[in-house]
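**Student:** I'd like to ask you about the structure that follows.
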Amino acid sequence: MLPLLALLAQPALADEGMWLPEQLPQHAERLAELGLTLPVTQIADPMAYPLGAIVSLGFCSASFVSPDGLILTNHHCVGSYLGYNSSAEANRAREGYLATDRASELWAGPSARLQVVESIEDVTERVRAKAGKRVSDRDREAAVNRAVKELVAECEQQPDRRCRVASYHGGQSWRLIRALEFKDVRLVYAPHETVGSYGGEIDNWMWPRHSGDFAVLRAYVGPDGKVAAHAPENVPYRPAQHLRIDPTGAQEGEMVMVAGVPGGTARHAPSWELAARQQRLEADIARSERYMAILQAESARDPEGAARLASHIDAVGNGLKYNQGLRDNFASSAVVPRLQARDEALRAWIAADKKRNKLYGPVLDELQRRHQEALAEYEVEAVAGRLLRFIDLLGVATTALRFADEAKKPDLERDQGTQDRDRERMQDRFASMDKTLWLPADREFMALFLEEHAALPSDQRIAPLDAWITAQGGTKAALDRLFTNPTLATNEARQALLQADAASLRASTDPWVQLAVALESWRAPRRERDKARAGASLRLRPLYMEAMQQAFPGAIYPDANGTLRVSFGRVEGYSPADGLLALPRTTVAGMAAKAGPPPFDAPPKLLAAAASSKGSPWVDAELGDVPVNFLTSLDTTGGNSGSATLNGQGELVGLIFDGNYEAMSADYLFDPALTRSIHVDIRYLLWMLDEVEGAGWLLSELGVGS
């Protein structure tokens with residue numbers, strides 16, 4: 001046991017960690033060794049350069065790169081924006097888009113938002129003030145929830161701010177994050193689909209890679225410089241900070257950092273949670289394959305469907321490949337047994353001392369017991385979740401019903417997500433559906449989910465759902481009633497529904513609303529149970545993390561949770577298998593060599609420019625060609641997509657867009673030998689704008705020239 005404890009007790013490995021900005025001074029020596037020339041206190045300040053230029057799209061990261069609000073992010077992060085601006089006649093999701101001037105920049109749609117962090121404040125004491133040991137789990141959840149909503153309400157008294165209280169280390173600490181939120185986001189440039197996702201799912205998560213996964217946006221504000229809804233008279237925003245671009249890009253062995261908002265990891269989670277995830281993988285993969293078949297069939301059947309479903313196909317395909325990679329990683333790298341050994345070592349450390357055993361011993365037992373209880377209901381909860389997540393009109397009806405029910409309470413007593421602050425977002429999401437809703441695909445998904453539900457054991461099914469289907473005359477009749485000229489297919493009807501009161505909704509004859517009412521009668525009591533479970537987690541998780549921190553001392557970064565983080569490392573390759581070495585950079589010549597049938601059908605103008613790329617001013621002297629993608633030892637995850645990749649001077653040298661297949665399990669366990677991040681070199685974007693697209697006006701605004 002001692003060798004394992006000794007291993008686990010080491011500080012985080014050199015390039016491991018998605019660090020909070022405030023933690024960076026702890027790594028000053030390592031950062032200086034790597035090549036950081038900026039003061040470490042400067043890169044630890046979220047308001048200073050370069051972190052002050054970082055932007056969140058809510059699901060991806062981005063960064064300001066010009067005084068007039070230009071923003072760089074990934075191509076795959078703007079899929080919904082392209083979809084909003086696509087149709088059978090102009091499929092920009094496929095063809096891409098390049099504005100010829102500012103007047104031709106396209107609105108990304110009513111649901112597009114950008115957030116720039118203005119302040120981060122520790123609010124732990126206030127959040128946990130009434131969440132002590134002697135209160136019930138349900139009361140603990142209520143107290144924390146109330147404190148969080150009060151903090152957010154106070155923070156958002158300042159106009160145009162979006163505030164959030166985030167928890168770290170399972171609820172050990174809490175931070176209030178205030179961000180300026182922009183509502184007028186415009187699309188400036190996104191390359192053709194076969195540039196942005198070159199190689200499709202064949203190359204996804206793979207190395208070598210040759211993707212131009214970049215896009216350019218711009219933030220707009222009112223003529224007075226304040227945040228405003230989209231309007232023709234709006235003007236470009238002038239950010240306090242924007243990144244400088246290093247036109248020499250990334251060099252092998254060079255120090256790099258990534259600054260962004262990684263979405264979620266589970267490296268500190270108990271091993272039994274991961275073991276359950278592993279057991280579900282094959283079923284999840286098979287399910288995603290069925291989803292992909294539905295989407296691809298609908299896309300092939302109708303050009304309008306192809307335009308509307310493009311971003312959905314990308315999302316499902318990416319999730320499928322991720323699960324396949326997890327399955328293969330778990331089989332090849334023994335991630336689960338290694339984390340099980342960690343938990344055994346933790347239990348041994350706890351048992352070795354009476355005080356520790358009294359304090360922490362019951363924590364692990366109760367966490368595991370509660371996890372098993374939740375697993376017993378996993379399948380039915382998952383089916384219900386898929387119904388609400390995939391079926392747009394059911395989501396509309398359910399959302400309207402939840403808003404109406406919660407509207408009976410004072411705002412601070414309503415569930416998060418149904419407060420007054422959330423209504424505008426729901427209105428915008430409903431409006432966006434005019435450009436994204438595709439009912440034929442939704443009908444196929446609905447039929448599949450109802451089939452999955454019917455296959456559950458009778459004592460696990462949703463009884464009100466079964467009763468509603470029976471009342472319609474069976475599944476086919478129910479589907480016919482739902483999808484034959486549904487009223488909620490119009491934005492006017494969706495907006496009216498969101499304004500309706502609970503009594504009128506429950507009296508509605510609309511089949512979508514009736515179905516939402518049936519599902520809510522099942523969900524409401526479970527929601528109260530879930531709040532009690534959340535209260536138990538607030539009691540147990542901080543103690544679990546406390547035990548971990550004491551048993552395995554060292555610098556411990558919190559799991560990713562969609563808040564600002566910095567990772568650091570070098571540009572370097574890896575050995576994916578015995579006898580193989582993956583070099584860390586790829587070139588335009590390598591991209592052209594792959595060209596062929598889809599998904600390698602590169603646009604002709606790209607291949608034409610590639611023929612003379614070796615004579616380009618954007619050539620890397622060592623490579624003798626324009627670089628495309630590069631590998632780093634950086635620690636990143638989903639949500640980091642679009643994050644700025646910076647050199648030791650804090651200058652932009654690329655954008656991260658992916659990880660490598662051999663390290664899909666890095667969300668649970670970081671392996672320094674195999675975990676790599678994949679980035680697009682800034683020179684590929686500059687070359688594309690210059691020699692492929694002829695967009696000199698953008699190069700000038702970016703402060704570079706050929």
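To be explicit about the labels: the chains of the structure tokens are called A, B, and onward in the order shown, and within each one the residues are counted from 1, while ligands get numbers from 1 in the order they are shown.
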Could you give me, as a ChimeraX atom specification, the residues within 10 Å of Gly305 in chain A, counting only C-alpha atoms and dropping anything in the same chain fewer than 2 positions from it?
**Tutor:** /A:87-88,295-303,307-310,436-441
**Student:** Taking 4 positions as the minimum chain separation for residues in the same chain, which residues sit within 12 Å of Ala673 in chain A when counting only C-alpha atoms? Answer as an MDAnalysis selection string.
**Tutor:** chainID A and resid 13:16 333 572:577 581:582 632:635 660 662:663 666 669
**Student:** As an exercise, work out the distance from CA of Ser504 in chain A to CA of Leu519 in chain A in Å and give it to one decimal place.
**Tutor:**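 Calculated distance between CA of Ser504 in chain A and CA of Leu519 in chain A is 16.9 Å.
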**Student:** For each of A:Leu176, A:Ile245, A:Ala250, A:Met446, take the minimum atom-to-atom distance to Val704 in chain A, counting only C-alpha atoms, then give the residue where this is smallest.
**Tutor:**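 Selected residue with least distance to Val704 in chain A: A:Ile245.
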**Student:** Using only C-alpha atoms, which protein or nucleic acid residues come within 7 Å of range 146-151 of chain A? Drop anything in the same chain fewer than 6 positions from it, and give the result as a PyMOL selection string.
**Tutor:** chain A and resi 126-127+165+412
**Student:** Do a neighbour search on Leu505 in chain A at 9 Å with only C-alpha atoms, toss out local chain neighbours closer than 6 positions, and write the hits as an NGL selection string.
**Tutor:** :A and (397 or 400-401 or 404 or 497 or 513-514 or 517)
**Student:** Could the residues in this selection be written to a file with C-alpha atoms, as a compact mmCIF listing (two decimals), in the first residue's frame?
**Tutor:**
```
# COMPACT_ATOMS: atom_id res chain seq x y z
CA ALA A 397 -44.24 22.69 -23.39
CA ALA A 400 -43.65 26.72 -20.17
CA LEU A 401 -45.33 24.53 -17.55
CA ALA A 404 -46.02 28.78 -14.90
CA LEU A 497 -47.31 29.42 -24.21
CA VAL A 513 -48.94 20.46 -23.38
CA GLN A 514 -51.02 17.45 -22.29
CA VAL A 517 -48.54 17.79 -17.87
```
**Student:** Write out as a PyMOL selection string which residues come within 8 Å of Leu456 in chain A when counting only C-alpha atoms, dropping same-chain ones fewer than 3 positions away.
**Tutor:** chain A and resi 379-380+452-453+460-461
**Student:** Of the candidates A:Asn647, A:Ser537, A:Gln26, A:Ser61, which one gets nearest to Arg244 in chain A if we count only C-alpha atoms?
**Tutor:**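 Selected residue with least distance to Arg244 in chain A: A:Asn647.
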**Student:** Find the residues near Ala259 in chain A: any atom within 10 Å, counting only C-alpha atoms, skip ones fewer than 2 places away on the same chain, and give them as a ChimeraX atom specification.
**Tutor:** /A:18-19,21,43,50-51,53-55,61-63,257,261-262,564-568,636,640,642-646,655-656
**Student:** Check the DSSP output for the backbone and give back, as an MDAnalysis selection string, the residues of range 476-599 of chain A in alpha helix (DSSP H).
**Tutor:** chainID A and resid 476:483 491:499 502:506 511:551 588:594
**Student:** Take the residues just selected and output them with C-alpha atoms as a PDB file, in the first residue's frame.
**Tutor:**
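Dumped to again29.pdb:
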```pdb
ATOM      1  CA  LYS A 476     -48.738   5.565 -33.663  1.00  0.00           C
ATOM      2  CA  ALA A 477     -51.893   7.500 -32.913  1.00  0.00           C
ATOM      3  CA  ALA A 478     -50.042   9.496 -30.274  1.00  0.00           C
ATOM      4  CA  LEU A 479     -47.268  10.350 -32.736  1.00  0.00           C
ATOM      5  CA  ASP A 480     -49.795  11.328 -35.384  1.00  0.00           C
ATOM      6  CA  ARG A 481     -51.542  13.657 -32.972  1.00  0.00           C
ATOM      7  CA  LEU A 482     -48.286  15.232 -31.811  1.00  0.00           C
ATOM      8  CA  PHE A 483     -46.680  15.781 -35.192  1.00  0.00           C
ATOM      9  CA  ASN A 491     -42.795  31.050 -32.710  1.00  0.00           C
ATOM     10  CA  GLU A 492     -45.947  33.044 -31.910  1.00  0.00           C
ATOM     11  CA  ALA A 493     -47.518  29.983 -30.288  1.00  0.00           C
ATOM     12  CA  ARG A 494     -44.357  29.145 -28.373  1.00  0.00           C
ATOM     13  CA  GLN A 495     -44.049  32.666 -27.001  1.00  0.00           C
ATOM     14  CA  ALA A 496     -47.743  32.711 -26.015  1.00  0.00           C
ATOM     15  CA  LEU A 497     -47.305  29.417 -24.210  1.00  0.00           C
ATOM     16  CA  LEU A 498     -44.477  30.852 -22.130  1.00  0.00           C
ATOM     17  CA  GLN A 499     -46.818  33.618 -20.939  1.00  0.00           C
ATOM     18  CA  ALA A 502     -50.575  27.081 -14.841  1.00  0.00           C
ATOM     19  CA  ALA A 503     -54.362  26.609 -14.809  1.00  0.00           C
ATOM     20  CA  SER A 504     -54.760  27.349 -18.518  1.00  0.00           C
ATOM     21  CA  LEU A 505     -51.872  25.070 -19.389  1.00  0.00           C
ATOM     22  CA  ARG A 506     -53.370  22.176 -17.447  1.00  0.00           C
ATOM     23  CA  PRO A 511     -51.219  17.361 -27.214  1.00  0.00           C
ATOM     24  CA  TRP A 512     -47.710  18.605 -26.452  1.00  0.00           C
ATOM     25  CA  VAL A 513     -48.942  20.459 -23.378  1.00  0.00           C
ATOM     26  CA  GLN A 514     -51.018  17.454 -22.290  1.00  0.00           C
ATOM     27  CA  LEU A 515     -47.955  15.236 -22.585  1.00  0.00           C
ATOM     28  CA  ALA A 516     -45.873  17.750 -20.612  1.00  0.00           C
ATOM     29  CA  VAL A 517     -48.536  17.793 -17.868  1.00  0.00           C
ATOM     30  CA  ALA A 518     -48.488  13.975 -17.707  1.00  0.00           C
ATOM     31  CA  LEU A 519     -44.691  13.867 -17.418  1.00  0.00           C
ATOM     32  CA  GLU A 520     -44.689  16.645 -14.815  1.00  0.00           C
ATOM     33  CA  SER A 521     -47.043  14.659 -12.579  1.00  0.00           C
ATOM     34  CA  TRP A 522     -44.321  11.988 -12.501  1.00  0.00           C
ATOM     35  CA  ARG A 523     -41.387  14.376 -12.269  1.00  0.00           C
ATOM     36  CA  ALA A 524     -42.585  16.757  -9.539  1.00  0.00           C
ATOM     37  CA  PRO A 525     -42.255  14.388  -6.541  1.00  0.00           C
ATOM     38  CA  ARG A 526     -38.929  13.130  -7.866  1.00  0.00           C
ATOM     39  CA  ARG A 527     -37.709  16.700  -8.041  1.00  0.00           C
ATOM     40  CA  GLU A 528     -38.213  17.029  -4.286  1.00  0.00           C
ATOM     41  CA  ARG A 529     -36.327  13.767  -3.770  1.00  0.00           C
ATOM     42  CA  ASP A 530     -33.511  15.068  -5.964  1.00  0.00           C
ATOM     43  CA  LYS A 531     -33.236  18.205  -3.840  1.00  0.00           C
ATOM     44  CA  ALA A 532     -32.778  16.062  -0.739  1.00  0.00           C
ATOM     45  CA  ARG A 533     -30.110  14.091  -2.568  1.00  0.00           C
ATOM     46  CA  ALA A 534     -28.385  17.331  -3.530  1.00  0.00           C
ATOM     47  CA  GLY A 535     -28.422  18.351   0.131  1.00  0.00           C
ATOM     48  CA  ALA A 536     -26.781  15.056   1.052  1.00  0.00           C
ATOM     49  CA  SER A 537     -24.122  15.671  -1.569  1.00  0.00           C
ATOM     50  CA  LEU A 538     -23.480  19.122  -0.082  1.00  0.00           C
ATOM     51  CA  ARG A 539     -22.919  17.384   3.252  1.00  0.00           C
ATOM     52  CA  LEU A 540     -20.768  14.504   1.989  1.00  0.00           C
ATOM     53  CA  ARG A 541     -18.691  15.746  -0.936  1.00  0.00           C
ATOM     54  CA  PRO A 542     -16.721  18.420   0.943  1.00  0.00           C
ATOM     55  CA  LEU A 543     -15.725  15.825   3.549  1.00  0.00           C
ATOM     56  CA  TYR A 544     -14.762  13.350   0.819  1.00  0.00           C
ATOM     57  CA  MET A 545     -12.520  15.987  -0.800  1.00  0.00           C
ATOM     58  CA  GLU A 546     -11.084  16.913   2.598  1.00  0.00           C
ATOM     59  CA  ALA A 547     -10.053  13.301   3.112  1.00  0.00           C
ATOM     60  CA  MET A 548      -8.527  13.173  -0.377  1.00  0.00           C
ATOM     61  CA  GLN A 549      -6.549  16.352   0.227  1.00  0.00           C
ATOM     62  CA  GLN A 550      -5.164  15.082   3.530  1.00  0.00           C
ATOM     63  CA  ALA A 551      -4.416  11.570   2.328  1.00  0.00           C
ATOM     64  CA  VAL A 588      -0.630  22.158 -45.711  1.00  0.00           C
ATOM     65  CA  ALA A 589       1.175  19.598 -47.866  1.00  0.00           C
ATOM     66  CA  GLY A 590      -0.066  16.880 -45.532  1.00  0.00           C
ATOM     67  CA  MET A 591      -3.590  18.244 -45.795  1.00  0.00           C
ATOM     68  CA  ALA A 592      -3.444  18.190 -49.595  1.00  0.00           C
ATOM     69  CA  ALA A 593      -2.075  14.636 -49.610  1.00  0.00           C
ATOM     70  CA  LYS A 594      -5.237  13.472 -47.798  1.00  0.00           C
TER      71      LYS A 594
END
```
**Student:** Any chance you could tabulate, as CSV, the residues of range 185-274 of chain A at most 12 Å from range 609-622 of chain A with each one's nearest atom pair and distance in Å to one decimal, using only C-alpha atoms, in chain and rising number order?
**Tutor:**
```
residue,atom,partner,partner_atom,distance
A:Asp246,CA,A:Trp618,CA,11.5
A:Pro247,CA,A:Trp618,CA,7.8
A:Thr248,CA,A:Asp620,CA,7.4
A:Gly249,CA,A:Asp620,CA,8.3
A:Ala250,CA,A:Asp620,CA,9.3
A:Gln251,CA,A:Asp620,CA,8.7
A:Glu252,CA,A:Glu622,CA,9.5
```
**Student:** What is the CA of Val256 in chain A to CA of Phe182 in chain A distance in Å?
**Tutor:** 28.9 Å
